[in-house]
$ cat run.pdb   # PDB, C-alpha atoms
ATOM      1  CA  MET A 936      74.806  38.926  27.606
ATOM      2  CA  MET A 937      74.885  41.781  30.126
ATOM      3  CA  HIS A 938      78.311  43.106  30.870
ATOM      4  CA  GLU A 939      79.393  45.137  33.870
ATOM      5  CA  GLY A 940      79.027  48.776  33.107
ATOM      6  CA  LYS A 941      76.570  48.015  30.222
ATOM      7  CA  GLY A 942      72.829  47.632  30.052
ATOM      8  CA  PHE A 943      71.330  49.835  32.670
ATOM      9  CA  GLY A 944      74.842  51.309  33.085
ATOM     10  CA  SER A 945      76.614  52.914  35.993
ATOM     11  CA  ALA A 946      75.387  55.774  38.055
ATOM     12  CA  PHE A 947      77.234  58.172  35.833
ATOM     13  CA  ASP A 948      75.637  56.559  32.732
ATOM     14  CA  ARG A 949      72.225  57.001  34.292
ATOM     15  CA  GLY A 950      73.037  60.650  34.933
ATOM     16  CA  ALA A 951      72.254  60.442  38.606
ATOM     17  CA  VAL A 952      71.925  63.890  40.179
ATOM     18  CA  GLN A 953      73.385  64.394  43.651
ATOM     19  CA  ALA A 954      71.029  65.974  46.175
ATOM     20  CA  ARG A 955      71.959  69.454  47.310
ATOM     21  CA  ALA A 956      71.325  70.944  50.726
ATOM     22  CA  PRO A 957      69.011  73.907  50.612
ATOM     23  CA  GLU A 958      70.644  77.310  50.856
ATOM     24  CA  PRO A 959      70.436  78.628  54.462
ATOM     25  CA  GLN A 960      68.212  81.594  54.750
ATOM     26  CA  ARG A 961      70.014  84.706  55.845
ATOM     27  CA  TYR A 962      68.471  86.398  58.867
ATOM     28  CA  GLU A 963      68.643  90.142  58.803
ATOM     29  CA  ARG A 964      67.883  92.036  61.993
ATOM     30  CA  THR A 965      65.511  94.899  61.730
ATOM     31  CA  THR A 966      66.494  98.470  62.504
ATOM     32  CA  GLU A 967      64.453  98.323  65.707
ATOM     33  CA  GLN A 968      66.244  95.152  66.833
ATOM     34  CA  LYS A 969      69.649  96.679  66.161
ATOM     35  CA  ALA A 970      68.714  99.772  68.128
ATOM     36  CA  ALA A 971      67.446  97.651  71.013
ATOM     37  CA  ASP A 972      70.688  95.633  71.063
ATOM     38  CA  ALA A 973      72.715  98.840  71.084
ATOM     39  CA  LYS A 974      70.784 100.136  74.087
ATOM     40  CA  THR A 975      71.273  96.834  75.914
ATOM     41  CA  ILE A 976      75.034  97.014  75.398
ATOM     42  CA  ALA A 977      75.125 100.638  76.576
ATOM     43  CA  ASP A 978      73.115  99.740  79.695
ATOM     44  CA  ASN A 979      75.375  96.761  80.455
ATOM     45  CA  PHE A 980      78.431  98.951  80.068
ATOM     46  CA  ASP A 981      77.046 101.535  82.490
ATOM     47  CA  HIS A 982      76.160  98.787  84.955
ATOM     48  CA  GLN A 983      79.725  97.468  84.919
ATOM     49  CA  VAL A 984      81.052 100.991  85.461
ATOM     50  CA  GLU A 985      78.965 101.213  88.631
ATOM     51  CA  LEU A 986      80.289  97.836  89.783
ATOM     52  CA  VAL A 987      83.860  99.043  89.295
ATOM     53  CA  ARG A 988      83.177 102.185  91.324
ATOM     54  CA  ALA A 989      81.440 100.214  94.077
ATOM     55  CA  GLY A 990      84.360  97.784  94.219
ATOM     56  CA  VAL A 991      86.908 100.580  94.523
ATOM     57  CA  ALA A 992      84.830 102.243  97.249
ATOM     58  CA  ALA A 993      84.834  98.951  99.168
ATOM     59  CA  VAL A 994      88.614  98.704  98.681
ATOM     60  CA  ASN A 995      89.041 102.180 100.181
ATOM     61  CA  ALA A 996      86.834 101.365 103.154
ATOM     62  CA  ALA A 997      88.598  98.064 103.874
ATOM     63  CA  ALA A 998      92.022  99.683 103.635
ATOM     64  CA  ALA A 999      90.999 102.436 106.055
ATOM     65  CA  ALA A1000      89.686  99.838 108.512
ATOM     66  CA  GLY A1001      92.764  97.620 108.181
ATOM     67  CA  ASP A1002      90.556  94.758 106.982
ATOM     68  CA  LEU A1003      92.841  92.622 104.824
ATOM     69  CA  GLY A1004      90.170  90.012 104.045
ATOM     70  CA  GLY A1005      87.626  92.666 103.044
ATOM     71  CA  TRP A1006      90.238  94.451 100.941
ATOM     72  CA  THR A1007      91.082  91.243  99.077
ATOM     73  CA  THR A1008      87.427  90.504  98.290
ATOM     74  CA  ALA A1009      86.698  94.067  97.189
ATOM     75  CA  LYS A1010      89.810  94.294  95.017
ATOM     76  CA  ARG A1011      88.900  91.045  93.257
ATOM     77  CA  SER A1012      85.356  92.303  92.598
ATOM     78  CA  ALA A1013      86.635  95.590  91.169
ATOM     79  CA  GLU A1014      89.098  93.829  88.882
ATOM     80  CA  GLN A1015      86.454  91.377  87.622
ATOM     81  CA  ALA A1016      84.058  94.232  86.866
ATOM     82  CA  LEU A1017      86.840  96.078  85.061
ATOM     83  CA  GLN A1018      87.618  93.006  82.975
ATOM     84  CA  GLN A1019      83.967  92.687  81.951
ATOM     85  CA  LEU A1020      83.865  96.405  81.195
ATOM     86  CA  ALA A1021      86.768  96.054  78.772
ATOM     87  CA  HIS A1022      85.036  93.113  77.087
ATOM     88  CA  ILE A1023      81.885  95.140  76.474
ATOM     89  CA  ALA A1024      83.890  98.128  75.249
ATOM     90  CA  ARG A1025      85.358  96.100  72.376
ATOM     91  CA  SER A1026      81.945  95.695  70.728
ATOM     92  CA  ALA A1027      80.759  99.245  71.374
ATOM     93  CA  PRO A1028      82.123 101.065  68.260
ATOM     94  CA  ALA A1029      80.299  98.815  65.780
ATOM     95  CA  THR A1030      77.155  98.883  67.884
ATOM     96  CA  ALA A1031      77.171 102.671  68.118
ATOM     97  CA  ARG A1032      76.526 102.915  64.382
ATOM     98  CA  GLU A1033      73.365 100.862  64.782
ATOM     99  CA  ALA A1034      71.908 102.985  67.581
ATOM    100  CA  THR A1035      69.045 105.293  66.704
ATOM    101  CA  ASP A1036      68.757 107.028  70.085
ATOM    102  CA  PRO A1037      71.211 109.975  70.257
ATOM    103  CA  ASP A1038      71.836 109.353  73.973
ATOM    104  CA  VAL A1039      72.704 105.683  73.391
ATOM    105  CA  ARG A1040      74.949 106.619  70.482
ATOM    106  CA  LYS A1041      76.728 109.190  72.656
ATOM    107  CA  ARG A1042      77.226 106.715  75.520
ATOM    108  CA  LEU A1043      78.664 104.069  73.214
ATOM    109  CA  ALA A1044      80.960 106.563  71.517
ATOM    110  CA  SER A1045      82.588 107.464  74.849
ATOM    111  CA  VAL A1046      83.308 103.949  76.126
ATOM    112  CA  ASP A1047      87.043 104.172  75.472
ATOM    113  CA  GLN A1048      87.421 107.224  77.696
ATOM    114  CA  VAL A1049      85.164 105.765  80.401
ATOM    115  CA  LEU A1050      87.149 102.524  80.325
ATOM    116  CA  GLU A1051      90.417 104.425  80.677
ATOM    117  CA  ASP A1052      89.053 106.356  83.667
ATOM    118  CA  ALA A1053      87.864 103.103  85.297
ATOM    119  CA  GLN A1054      91.266 101.498  84.790
ATOM    120  CA  GLN A1055      92.934 104.481  86.440
ATOM    121  CA  LEU A1056      90.444 104.351  89.311
ATOM    122  CA  VAL A1057      91.336 100.723  90.057
ATOM    123  CA  ALA A1058      95.061 101.418  89.671
ATOM    124  CA  ASP A1059      94.876 104.287  92.188
ATOM    125  CA  ALA A1060      93.065 102.202  94.827
ATOM    126  CA  PRO A1061      95.003 101.887  98.113
ATOM    127  CA  ALA A1062      97.360  98.991  98.631
ATOM    128  CA  ALA A1063      96.503  96.080 100.869
ATOM    129  CA  PRO A1064      96.522  96.936 104.563
ATOM    130  CA  LEU A1065      99.054  95.284 106.779
ATOM    131  CA  ALA A1066      97.757  92.173 108.487
ATOM    132  CA  ALA A1067      96.955  92.537 112.162
ATOM    133  CA  ALA A1068      99.911  92.066 114.441
ATOM    134  CA  PRO A1069     100.108  88.586 115.986
ATOM    135  CA  GLU A1070      99.642  88.117 119.710
ATOM    136  CA  LEU A1071     102.185  86.778 122.177
ATOM    137  CA  SER A1072     101.267  84.692 125.169
ATOM    138  CA  CYS A1073     104.089  86.443 127.045
ATOM    139  CA  GLY A1074     103.309  89.928 125.693
ATOM    140  CA  ASP A1075     102.790  91.487 129.121
ATOM    141  CA  ALA A1076     106.061  90.069 130.451
ATOM    142  CA  LEU A1077     107.889  91.336 127.373
ATOM    143  CA  LEU A1078     106.457  94.842 127.730
ATOM    144  CA  ALA A1079     107.459  94.866 131.381
ATOM    145  CA  ALA A1080     111.037  93.971 130.422
ATOM    146  CA  LEU A1081     111.515  96.327 127.457
ATOM    147  CA  PRO A1082     112.783  99.881 127.893
ATOM    148  CA  PRO A1083     110.108 102.575 128.314
ATOM    149  CA  ASP A1084     109.140 104.651 125.276
ATOM    150  CA  PRO A1085     110.744 107.093 125.625
ATOM    151  CA  PRO A1086     113.264 105.944 128.235
ATOM    152  CA  PRO A1087     113.924 108.208 131.210
ATOM    153  CA  ALA A1088     116.589 110.828 130.656
ATOM    154  CA  ALA A1089     118.556 109.373 133.543
ATOM    155  CA  TRP A1090     118.933 105.968 131.884
ATOM    156  CA  ARG A1091     122.470 104.918 131.106
ATOM    157  CA  ASP A1092     124.036 101.929 129.392
ATOM    158  CA  ALA A1093     123.692  99.783 132.510
ATOM    159  CA  ASP A1094     119.940 100.398 132.532
ATOM    160  CA  PHE A1095     119.592  99.345 128.901
ATOM    161  CA  GLN A1096     121.699  96.270 129.593
ATOM    162  CA  ALA A1097     119.483  95.327 132.517
ATOM    163  CA  ALA A1098     116.432  95.643 130.271
ATOM    164  CA  ALA A1099     118.117  93.535 127.604
ATOM    165  CA  ASP A1100     118.867  90.837 130.182
ATOM    166  CA  ALA A1101     115.214  90.871 131.260
ATOM    167  CA  VAL A1102     114.060  90.499 127.647
ATOM    168  CA  ALA A1103     116.514  87.641 127.142
ATOM    169  CA  ALA A1104     115.067  85.905 130.196
ATOM    170  CA  VAL A1105     111.542  86.167 128.769
ATOM    171  CA  CYS A1106     112.772  84.747 125.473
ATOM    172  CA  ALA A1107     114.520  81.841 127.147
ATOM    173  CA  HIS A1108     111.957  80.913 129.784
ATOM    174  CA  GLN A1109     108.503  82.016 128.616
ATOM    175  CA  MET A1110     108.322  82.113 124.817
ATOM    176  CA  THR A1111     106.796  79.305 122.791
ATOM    177  CA  SER A1112     107.652  78.643 119.163
ATOM    178  CA  SER A1113     104.611  80.674 118.129
ATOM    179  CA  ASP A1114     105.742  83.534 120.369
ATOM    180  CA  ILE A1115     109.164  83.595 118.718
ATOM    181  CA  ALA A1116     107.598  83.834 115.256
ATOM    182  CA  ALA A1117     105.159  86.511 116.447
ATOM    183  CA  PHE A1118     107.930  88.552 118.095
ATOM    184  CA  ARG A1119     110.016  88.510 114.921
ATOM    185  CA  SER A1120     107.006  89.568 112.845
ATOM    186  CA  ILE A1121     106.161  92.444 115.168
ATOM    187  CA  VAL A1122     109.628  93.980 115.322
ATOM    188  CA  ARG A1123     110.125  93.646 111.548
ATOM    189  CA  ARG A1124     106.719  94.460 110.056
ATOM    190  CA  HIS A1125     104.663  96.347 112.652
ATOM    191  CA  GLU A1126     106.671  99.435 113.455
ATOM    192  CA  ASP A1127     103.815 101.128 115.334
ATOM    193  CA  HIS A1128     103.276  98.212 117.707
ATOM    194  CA  PRO A1129     104.266  99.062 121.328
ATOM    195  CA  ILE A1130     106.641  96.096 121.458
ATOM    196  CA  ALA A1131     108.330  97.186 118.221
ATOM    197  CA  ARG A1132     108.654 100.812 119.335
ATOM    198  CA  ARG A1133     110.135  99.904 122.687
ATOM    199  CA  PHE A1134     112.419  97.253 121.196
ATOM    200  CA  ARG A1135     113.892  99.960 118.924
ATOM    201  CA  ARG A1136     114.989 101.834 122.040
ATOM    202  CA  PHE A1137     117.823  99.331 122.200
ATOM    203  CA  GLY A1138     120.829 100.064 120.060
ATOM    204  CA  GLU A1139     121.346  98.077 116.891
ATOM    205  CA  ALA A1140     123.938  95.809 118.504
ATOM    206  CA  ARG A1141     121.637  94.820 121.369
ATOM    207  CA  ARG A1142     118.686  94.275 119.019
ATOM    208  CA  ARG A1143     120.782  92.001 116.822
ATOM    209  CA  GLN A1144     122.071  90.124 119.869
ATOM    210  CA  LEU A1145     118.570  89.548 121.284
ATOM    211  CA  LEU A1146     117.161  88.360 117.963
ATOM    212  CA  GLY A1147     120.156  86.084 117.565
ATOM    213  CA  ARG A1148     119.391  84.413 120.894
ATOM    214  CA  LEU A1149     116.099  83.202 119.441
ATOM    215  CA  ASP A1150     118.064  81.024 116.998
ATOM    216  CA  LYS A1151     120.007  79.196 119.693
ATOM    217  CA  ASP A1152     119.245  75.489 119.956
ATOM    218  CA  ASP A1153     118.475  75.518 123.673
ATOM    219  CA  VAL A1154     116.038  78.422 123.318
ATOM    220  CA  LYS A1155     114.234  76.811 120.373
ATOM    221  CA  ARG A1156     114.127  73.421 122.115
ATOM    222  CA  SER A1157     112.545  74.914 125.247
ATOM    223  CA  ALA A1158     110.108  76.939 123.133
ATOM    224  CA  ARG A1159     108.990  73.802 121.283
ATOM    225  CA  ALA A1160     108.435  71.981 124.565
ATOM    226  CA  ARG A1161     106.311  74.827 125.940
ATOM    227  CA  GLU A1162     104.361  74.937 122.686
ATOM    228  CA  ALA A1163     103.617  71.212 122.858
ATOM    229  CA  ALA A1164     102.613  71.415 126.528
ATOM    230  CA  ARG A1165     100.273  74.312 125.829
ATOM    231  CA  ARG A1166      98.626  72.513 122.934
ATOM    232  CA  ALA A1167      98.161  69.393 125.033
ATOM    233  CA  GLU A1168      96.614  71.475 127.801
ATOM    234  CA  THR A1169      94.258  73.163 125.347
ATOM    235  CA  ALA A1170      93.249  69.832 123.824
ATOM    236  CA  GLY A1171      92.616  68.404 127.283
ATOM    237  CA  ARG A1172      90.329  71.286 128.234
ATOM    238  CA  ALA A1173      88.451  70.958 124.959
ATOM    239  CA  GLY A1174      87.929  67.251 125.601
ATOM    240  CA  GLN A1175      86.555  67.946 129.060
ATOM    241  CA  ASP A1176      84.149  70.535 127.676
ATOM    242  CA  ARG A1177      82.831  68.056 125.112
ATOM    243  CA  ALA A1178      82.405  65.189 127.612
ATOM    244  CA  PRO A1179      78.736  64.786 128.675
ATOM    245  CA  ALA A1180      78.016  65.379 132.316
ATOM    246  CA  ALA A1181      77.604  62.138 134.213
ATOM    247  CA  THR A1182      74.088  61.626 135.495
ATOM    248  CA  LYS A1183      73.831  60.052 138.900
ATOM    249  CA  THR A1184      70.668  58.009 139.379
ATOM    250  CA  ALA A1185      69.427  57.595 142.918
ATOM    251  CA  SER A1186      68.415  54.062 143.849
ATOM    252  CA  VAL A1187      64.839  53.742 145.085
ATOM    253  CA  ASP A1188      63.543  50.837 147.169
ATOM    254  CA  ILE A1189      60.327  49.784 145.515
ATOM    255  CA  THR A1190      59.809  46.622 147.622
ATOM    256  CA  PRO A1191      56.212  46.753 148.862
ATOM    257  CA  THR A1192      55.567  46.494 152.578
ATOM    258  CA  MET A1193      53.659  43.407 153.494
ATOM    259  CA  PRO A1194      50.557  43.971 155.590
ATOM    260  CA  GLY A1195      51.277  43.539 159.269
ATOM    261  CA  SER A1196      55.000  43.605 158.784
ATOM    262  CA  ASP A1197      57.114  45.482 161.299
ATOM    263  CA  ASP A1198      59.317  48.047 159.485
ATOM    264  CA  THR A1199      62.069  48.818 161.971
ATOM    265  CA  ARG A1200      64.203  50.922 159.562
ATOM    266  CA  SER A1201      65.099  54.293 161.051
ATOM    267  CA  THR A1202      64.345  57.470 159.096
ATOM    268  CA  ASP A1203      65.617  61.000 159.633
ATOM    269  CA  PRO A1204      62.427  62.991 160.323
ATOM    270  CA  SER A1205      63.949  66.085 158.732
ATOM    271  CA  GLU A1206      64.261  64.552 155.211
ATOM    272  CA  GLY A1207      61.699  65.834 152.797
ATOM    273  CA  ARG A1208      60.699  68.711 155.043
ATOM    274  CA  ALA A1209      61.320  72.379 154.531
ATOM    275  CA  PRO A1210      64.135  73.692 156.726
ATOM    276  CA  VAL A1211      63.054  75.408 159.918
ATOM    277  CA  GLN A1212      63.568  79.172 159.721
ATOM    278  CA  ALA A1213      65.820  80.410 162.518
ATOM    279  CA  ASP A1214      64.431  83.059 164.829
ATOM    280  CA  ALA A1215      65.881  86.428 163.982
ATOM    281  CA  SER A1216      66.321  87.147 167.663
ATOM    282  CA  GLU A1217      68.934  84.392 168.053
TER
END
$ encode --input "run.pdb" --output "structure tokens"
Amino acid sequence: MMHEGKGFGSAFDRGAVQARAPEPQRYERTTEQKAADAKTIADNFDHQVELVRAGVAAVNAAAAAGDLGGWTTAKRSAEQALQQLAHIARSAPATAREATDPDVRKRLASVDQVLEDAQQLVADAPAAPLAAAPELSCGDALLAALPPDPPPAAWRDADFQAAADAVAAVCAHQMTSSDIAAFRSIVRRHEDHPIARRFRRFGEARRRQLLGRLDKDDVKRSARAREAARRAETAGRAGQDRAPAATKTASVDITPTMPGSDDTRSTDPSEGRAPVQADASE
């Protein structure tokens, strides 16, 4: 009788041999391949250096032109190139030992110093330019009310008070909500703006008093109403511009005239004719 584990026996009894995966073959790069890789890394590093320099140059140009959007784009490009430059620099020391070209070996050996110089170049780039000053719909009226810059030597306190009253009237009766926000921005952040310079001709007490008036409920309520009316007017004009021009079609009588019929309709003999030129002697 055959018993379990007897006879032909278990796998262990049969001495079954487990299959083994073949040993992976190790790939060894040739000296020429290593040298070519080293040159590629050196070339990539130099390319990123040029991108960093180009980005910083664009940052300088945008800052000089007061172009905030251009400055932001250029600064981001310079920082991304610098980040990639640092990534390449981390693999340069090991690669330098595999280079056979003396020039490539020299370039890879100096990556740390080049990276440090690039980092300093980006750090020294000019700061973001100030955004352009906002516009006021009542800017002309405000300039007409503000004190001159500089004020006449003969001006006294009464003259400054009269100017302050005129500015307060513009704030109360002409400013919209957007104008209030723009006026605050100009006097606080754009010191070279004509409105800001002339507003500073007031003493501190008058400046604080005028800015405080902009927070009063009646002034803000009127400003919101003017803002809404202006937006409605703008939307109405835009709707009229988009509306297609109505085409007027002239009606034409196409009823044929029966032979022998008597057409007694009157017709202006001048219709369809060129106008008679008047005699120059008249």
$ resolve_selection --input "run.pdb" --expression "the PyMOL selection byres ((chain A and resi 1154) around 12)" --output "count of residues only"
28
$ resolve_selection --input "run.pdb" --expression "the PyMOL selection byres ((chain A and resi 1099) around 8)" --output "ChimeraX atom specification"
/A:1080-1081,1095-1098,1100-1103,1137,1141,1145
$ write_last_selection --input "run.pdb" --atoms "C-alpha atoms" --output "PDB file, in the coordinates of the input"
ATOM      1  CA  ALA A1080     111.037  93.971 130.422  1.00  0.00           C
ATOM      2  CA  LEU A1081     111.515  96.327 127.457  1.00  0.00           C
ATOM      3  CA  PHE A1095     119.592  99.345 128.901  1.00  0.00           C
ATOM      4  CA  GLN A1096     121.699  96.270 129.593  1.00  0.00           C
ATOM      5  CA  ALA A1097     119.483  95.327 132.517  1.00  0.00           C
ATOM      6  CA  ALA A1098     116.432  95.643 130.271  1.00  0.00           C
ATOM      7  CA  ASP A1100     118.867  90.837 130.182  1.00  0.00           C
ATOM      8  CA  ALA A1101     115.214  90.871 131.260  1.00  0.00           C
ATOM      9  CA  VAL A1102     114.060  90.499 127.647  1.00  0.00           C
ATOM     10  CA  ALA A1103     116.514  87.641 127.142  1.00  0.00           C
ATOM     11  CA  PHE A1137     117.823  99.331 122.200  1.00  0.00           C
ATOM     12  CA  ARG A1141     121.637  94.820 121.369  1.00  0.00           C
ATOM     13  CA  LEU A1145     118.570  89.548 121.284  1.00  0.00           C
TER      14      LEU A1145
END
$ atom_distance --input "run.pdb" --atom1 "atom CA of Pro1069 of chain A" --atom2 "atom CA of Ala992 of chain A"
27.8 Å
$ resolve_selection --input "run.pdb" --expression "the PyMOL selection byres ((chain A and resi 1065) around 10)" --output "MDAnalysis selection string"
chainID A and resid 998 1001:1003 1062:1064 1066:1068 1124:1125
$ residues_around --input "run.pdb" --residues "Pro1037 of chain A" --least-positions-apart "5" --cutoff "12 Å" --atoms "all atoms listed in the file" --output "ChimeraX atom specification"
/A:970,973-974,977,1031-1032,1042-1044
$ residues_around --input "run.pdb" --residues "Leu1050 of chain A" --least-positions-apart "2" --cutoff "9 Å" --atoms "all atoms listed in the file" --output "list in words"
Val984, Leu1017, Leu1020, Ala1021, Ala1024, Ser1045, Val1046, Asp1047, Gln1048, Asp1052, Ala1053, Gln1054 and Gln1055 of chain A
$ atom_distance --input "run.pdb" --atom1 "atom CA of Val987 of chain A" --atom2 "atom CA of Thr1008 of chain A"
12.9 Å
$ atom_distance --input "run.pdb" --atom1 "atom CA of Ala1009 of chain A" --atom2 "atom CA of Asn995 of chain A"
9.0 Å
$ build_atoms --input "run.pdb" --residues "segment 1093-1119 of chain A" --atoms "N, CA and C atoms" --output "PDB file, keeping the file's coordinate frame"
ATOM      1  N   ALA A1093     123.990 100.881 131.583  1.00  0.00           N
ATOM      2  CA  ALA A1093     123.692  99.783 132.510  1.00  0.00           C
ATOM      3  C   ALA A1093     122.190  99.526 132.581  1.00  0.00           C
ATOM      4  N   ASP A1094     121.390 100.575 132.491  1.00  0.00           N
ATOM      5  CA  ASP A1094     119.940 100.398 132.532  1.00  0.00           C
ATOM      6  C   ASP A1094     119.444  99.660 131.283  1.00  0.00           C
ATOM      7  N   PHE A1095     119.986 100.035 130.131  1.00  0.00           N
ATOM      8  CA  PHE A1095     119.592  99.345 128.901  1.00  0.00           C
ATOM      9  C   PHE A1095     120.053  97.887 128.911  1.00  0.00           C
ATOM     10  N   GLN A1096     121.213  97.641 129.519  1.00  0.00           N
ATOM     11  CA  GLN A1096     121.699  96.270 129.593  1.00  0.00           C
ATOM     12  C   GLN A1096     120.826  95.432 130.519  1.00  0.00           C
ATOM     13  N   ALA A1097     120.374  96.050 131.608  1.00  0.00           N
ATOM     14  CA  ALA A1097     119.483  95.327 132.517  1.00  0.00           C
ATOM     15  C   ALA A1097     118.162  94.989 131.823  1.00  0.00           C
ATOM     16  N   ALA A1098     117.661  95.910 131.022  1.00  0.00           N
ATOM     17  CA  ALA A1098     116.432  95.643 130.271  1.00  0.00           C
ATOM     18  C   ALA A1098     116.658  94.543 129.238  1.00  0.00           C
ATOM     19  N   ALA A1099     117.809  94.570 128.590  1.00  0.00           N
ATOM     20  CA  ALA A1099     118.117  93.535 127.604  1.00  0.00           C
ATOM     21  C   ALA A1099     118.206  92.165 128.273  1.00  0.00           C
ATOM     22  N   ASP A1100     118.786  92.112 129.461  1.00  0.00           N
ATOM     23  CA  ASP A1100     118.867  90.837 130.182  1.00  0.00           C
ATOM     24  C   ASP A1100     117.468  90.336 130.554  1.00  0.00           C
ATOM     25  N   ALA A1101     116.581  91.268 130.913  1.00  0.00           N
ATOM     26  CA  ALA A1101     115.214  90.871 131.260  1.00  0.00           C
ATOM     27  C   ALA A1101     114.477  90.341 130.027  1.00  0.00           C
ATOM     28  N   VAL A1102     114.677  90.979 128.882  1.00  0.00           N
ATOM     29  CA  VAL A1102     114.060  90.499 127.647  1.00  0.00           C
ATOM     30  C   VAL A1102     114.607  89.119 127.290  1.00  0.00           C
ATOM     31  N   ALA A1103     115.909  88.935 127.443  1.00  0.00           N
ATOM     32  CA  ALA A1103     116.514  87.641 127.142  1.00  0.00           C
ATOM     33  C   ALA A1103     115.939  86.548 128.040  1.00  0.00           C
ATOM     34  N   ALA A1104     115.644  86.889 129.281  1.00  0.00           N
ATOM     35  CA  ALA A1104     115.067  85.905 130.196  1.00  0.00           C
ATOM     36  C   ALA A1104     113.657  85.511 129.754  1.00  0.00           C
ATOM     37  N   VAL A1105     112.878  86.477 129.279  1.00  0.00           N
ATOM     38  CA  VAL A1105     111.542  86.167 128.769  1.00  0.00           C
ATOM     39  C   VAL A1105     111.653  85.253 127.550  1.00  0.00           C
ATOM     40  N   CYS A1106     112.583  85.567 126.673  1.00  0.00           N
ATOM     41  CA  CYS A1106     112.772  84.747 125.473  1.00  0.00           C
ATOM     42  C   CYS A1106     113.151  83.310 125.833  1.00  0.00           C
ATOM     43  N   ALA A1107     114.004  83.172 126.820  1.00  0.00           N
ATOM     44  CA  ALA A1107     114.520  81.841 127.147  1.00  0.00           C
ATOM     45  C   ALA A1107     113.560  81.012 127.977  1.00  0.00           C
ATOM     46  N   HIS A1108     112.734  81.672 128.804  1.00  0.00           N
ATOM     47  CA  HIS A1108     111.957  80.913 129.784  1.00  0.00           C
ATOM     48  C   HIS A1108     110.446  81.025 129.626  1.00  0.00           C
ATOM     49  N   GLN A1109     109.956  81.869 128.745  1.00  0.00           N
ATOM     50  CA  GLN A1109     108.503  82.016 128.616  1.00  0.00           C
ATOM     51  C   GLN A1109     107.993  81.860 127.187  1.00  0.00           C
ATOM     52  N   MET A1110     108.798  82.130 126.196  1.00  0.00           N
ATOM     53  CA  MET A1110     108.322  82.113 124.817  1.00  0.00           C
ATOM     54  C   MET A1110     108.104  80.696 124.303  1.00  0.00           C
ATOM     55  N   THR A1111     107.017  80.531 123.550  1.00  0.00           N
ATOM     56  CA  THR A1111     106.796  79.305 122.791  1.00  0.00           C
ATOM     57  C   THR A1111     107.309  79.518 121.364  1.00  0.00           C
ATOM     58  N   SER A1112     107.241  78.494 120.557  1.00  0.00           N
ATOM     59  CA  SER A1112     107.652  78.643 119.163  1.00  0.00           C
ATOM     60  C   SER A1112     106.798  79.681 118.447  1.00  0.00           C
ATOM     61  N   SER A1113     105.502  79.684 118.735  1.00  0.00           N
ATOM     62  CA  SER A1113     104.611  80.674 118.129  1.00  0.00           C
ATOM     63  C   SER A1113     104.963  82.077 118.592  1.00  0.00           C
ATOM     64  N   ASP A1114     105.351  82.222 119.851  1.00  0.00           N
ATOM     65  CA  ASP A1114     105.742  83.534 120.369  1.00  0.00           C
ATOM     66  C   ASP A1114     106.991  84.053 119.666  1.00  0.00           C
ATOM     67  N   ILE A1115     107.938  83.176 119.410  1.00  0.00           N
ATOM     68  CA  ILE A1115     109.164  83.595 118.718  1.00  0.00           C
ATOM     69  C   ILE A1115     108.827  84.117 117.330  1.00  0.00           C
ATOM     70  N   ALA A1116     107.986  83.391 116.599  1.00  0.00           N
ATOM     71  CA  ALA A1116     107.598  83.834 115.256  1.00  0.00           C
ATOM     72  C   ALA A1116     106.827  85.142 115.320  1.00  0.00           C
ATOM     73  N   ALA A1117     105.942  85.285 116.316  1.00  0.00           N
ATOM     74  CA  ALA A1117     105.159  86.511 116.447  1.00  0.00           C
ATOM     75  C   ALA A1117     106.056  87.695 116.809  1.00  0.00           C
ATOM     76  N   PHE A1118     107.019  87.479 117.693  1.00  0.00           N
ATOM     77  CA  PHE A1118     107.930  88.552 118.095  1.00  0.00           C
ATOM     78  C   PHE A1118     108.750  89.041 116.907  1.00  0.00           C
ATOM     79  N   ARG A1119     109.249  88.115 116.112  1.00  0.00           N
ATOM     80  CA  ARG A1119     110.016  88.510 114.921  1.00  0.00           C
ATOM     81  C   ARG A1119     109.145  89.317 113.957  1.00  0.00           C
TER      82      ARG A1119
END
